[in-house]
Amino acid sequence: MWYVTRYEDVRAIILDTERFTTVSEHSLLLDTFGAHLLTTEGALHDRYRLAVQPCSPPASSAIILRGRFESPPQS
(Lines give C-alpha, C1' and ligand atoms only; values in the text may rest on other atoms or scores of the structure.)
Protein backbone atom coordinates (compact mmCIF):
# COMPACT_ATOMS: atom_id res chain seq x y z
CA MET A 1 0.00 0.00 0.00
CA TRP A 2 1.20 3.49 -0.84
CA TYR A 3 0.19 6.86 0.54
CA VAL A 4 0.47 9.58 -2.05
CA THR A 5 0.49 13.07 -0.55
CA ARG A 6 2.08 15.53 -2.98
CA TYR A 7 -0.51 17.37 -5.08
CA GLU A 8 1.34 16.76 -8.34
CA ASP A 9 1.61 13.01 -7.64
CA VAL A 10 -2.04 12.69 -6.60
CA ARG A 11 -3.17 14.51 -9.74
CA ALA A 12 -0.98 12.34 -11.99
CA ILE A 13 -2.34 9.15 -10.41
CA ILE A 14 -5.97 10.25 -10.63
CA LEU A 15 -5.53 10.97 -14.33
CA ASP A 16 -3.65 7.73 -15.12
CA THR A 17 -6.39 5.10 -14.89
CA GLU A 18 -4.40 2.66 -17.04
CA ARG A 19 -1.65 2.15 -14.43
CA PHE A 20 -3.40 2.99 -11.15
CA THR A 21 -6.51 1.39 -9.70
CA THR A 22 -8.38 0.96 -6.42
CA VAL A 23 -9.03 -2.69 -7.21
CA SER A 24 -7.00 -5.01 -4.99
CA GLU A 25 -7.31 -8.66 -3.96
CA HIS A 26 -6.01 -7.83 -0.48
CA SER A 27 -7.75 -4.75 0.87
CA LEU A 28 -8.47 -4.27 4.56
CA LEU A 29 -10.77 -1.39 3.63
CA LEU A 30 -12.81 -3.58 1.29
CA ASP A 31 -12.80 -6.54 3.69
CA THR A 32 -13.98 -4.35 6.56
CA PHE A 33 -16.56 -2.10 4.91
CA GLY A 34 -17.38 -3.85 1.64
CA ALA A 35 -17.71 -2.10 -1.70
CA HIS A 36 -18.10 1.66 -1.45
CA LEU A 37 -16.82 4.91 -2.95
CA LEU A 38 -13.15 4.29 -2.05
CA THR A 39 -12.98 0.68 -3.22
CA THR A 40 -14.78 0.73 -6.55
CA GLU A 41 -14.23 2.06 -10.05
CA GLY A 42 -16.23 2.64 -13.18
CA ALA A 43 -20.04 2.57 -13.18
CA LEU A 44 -20.35 1.35 -9.59
CA HIS A 45 -18.04 4.12 -8.33
CA ASP A 46 -20.06 6.69 -10.29
CA ARG A 47 -23.25 5.37 -8.71
CA TYR A 48 -21.84 5.78 -5.18
CA ARG A 49 -20.39 9.22 -6.00
CA LEU A 50 -23.66 10.50 -7.41
CA ALA A 51 -25.51 9.28 -4.32
CA VAL A 52 -23.34 11.32 -1.91
CA GLN A 53 -22.58 14.31 -4.13
CA PRO A 54 -25.62 16.40 -3.11
CA CYS A 55 -24.60 16.03 0.56
CA SER A 56 -21.03 17.18 0.10
CA PRO A 57 -20.52 19.81 -2.59
CA PRO A 58 -16.88 20.90 -2.99
CA ALA A 59 -17.50 24.36 -1.56
CA SER A 60 -18.87 23.07 1.75
CA SER A 61 -16.04 20.54 2.06
CA ALA A 62 -13.47 23.26 1.49
CA ILE A 63 -15.00 25.42 4.22
CA ILE A 64 -14.99 22.56 6.73
CA LEU A 65 -11.44 21.44 5.93
CA ARG A 66 -10.03 24.95 5.79
CA GLY A 67 -11.23 25.61 9.31
CA ARG A 68 -9.65 22.41 10.61
CA PHE A 69 -6.25 22.98 9.09
CA GLU A 70 -5.89 26.73 9.53
CA SER A 71 -7.01 27.00 13.16
CA PRO A 72 -4.61 26.12 15.98
CA PRO A 73 -5.67 23.10 18.05
CA GLN A 74 -8.00 23.83 20.95
CA SER A 75 -6.56 23.04 24.38
# chains A, B, ... in the order shown; residues from 1 in each chain; ligands from 1

$ closest_atom_pairs --of "region 14-42 of chain A" --to "region 47-53 of chain A" --cutoff "12 Å" --atoms "only C-alpha atoms" --output "JSON lines"
{"residue": "A:Ala35", "atom": "CA", "partner": "A:Tyr48", "partner_atom": "CA", "distance": 9.6}
{"residue": "A:His36", "atom": "CA", "partner": "A:Tyr48", "partner_atom": "CA", "distance": 6.7}
{"residue": "A:Leu37", "atom": "CA", "partner": "A:Tyr48", "partner_atom": "CA", "distance": 5.6}
{"residue": "A:Leu38", "atom": "CA", "partner": "A:Tyr48", "partner_atom": "CA", "distance": 9.4}
{"residue": "A:Thr39", "atom": "CA", "partner": "A:Tyr48", "partner_atom": "CA", "distance": 10.4}
{"residue": "A:Thr40", "atom": "CA", "partner": "A:Tyr48", "partner_atom": "CA", "distance": 8.8}
{"residue": "A:Glu41", "atom": "CA", "partner": "A:Arg47", "partner_atom": "CA", "distance": 9.7}
{"residue": "A:Gly42", "atom": "CA", "partner": "A:Arg47", "partner_atom": "CA", "distance": 8.8}

$ select_by_dssp --residues "chain A" --states "alpha helix (DSSP H)" --output "PyMOL selection string"
chain A and resi 7-15+28-33+42-52+58-70

$ atom_distance --atom1 "CA of Asp46 (chain A)" --atom2 "CA of Val23 (chain A)"
14.8 Å
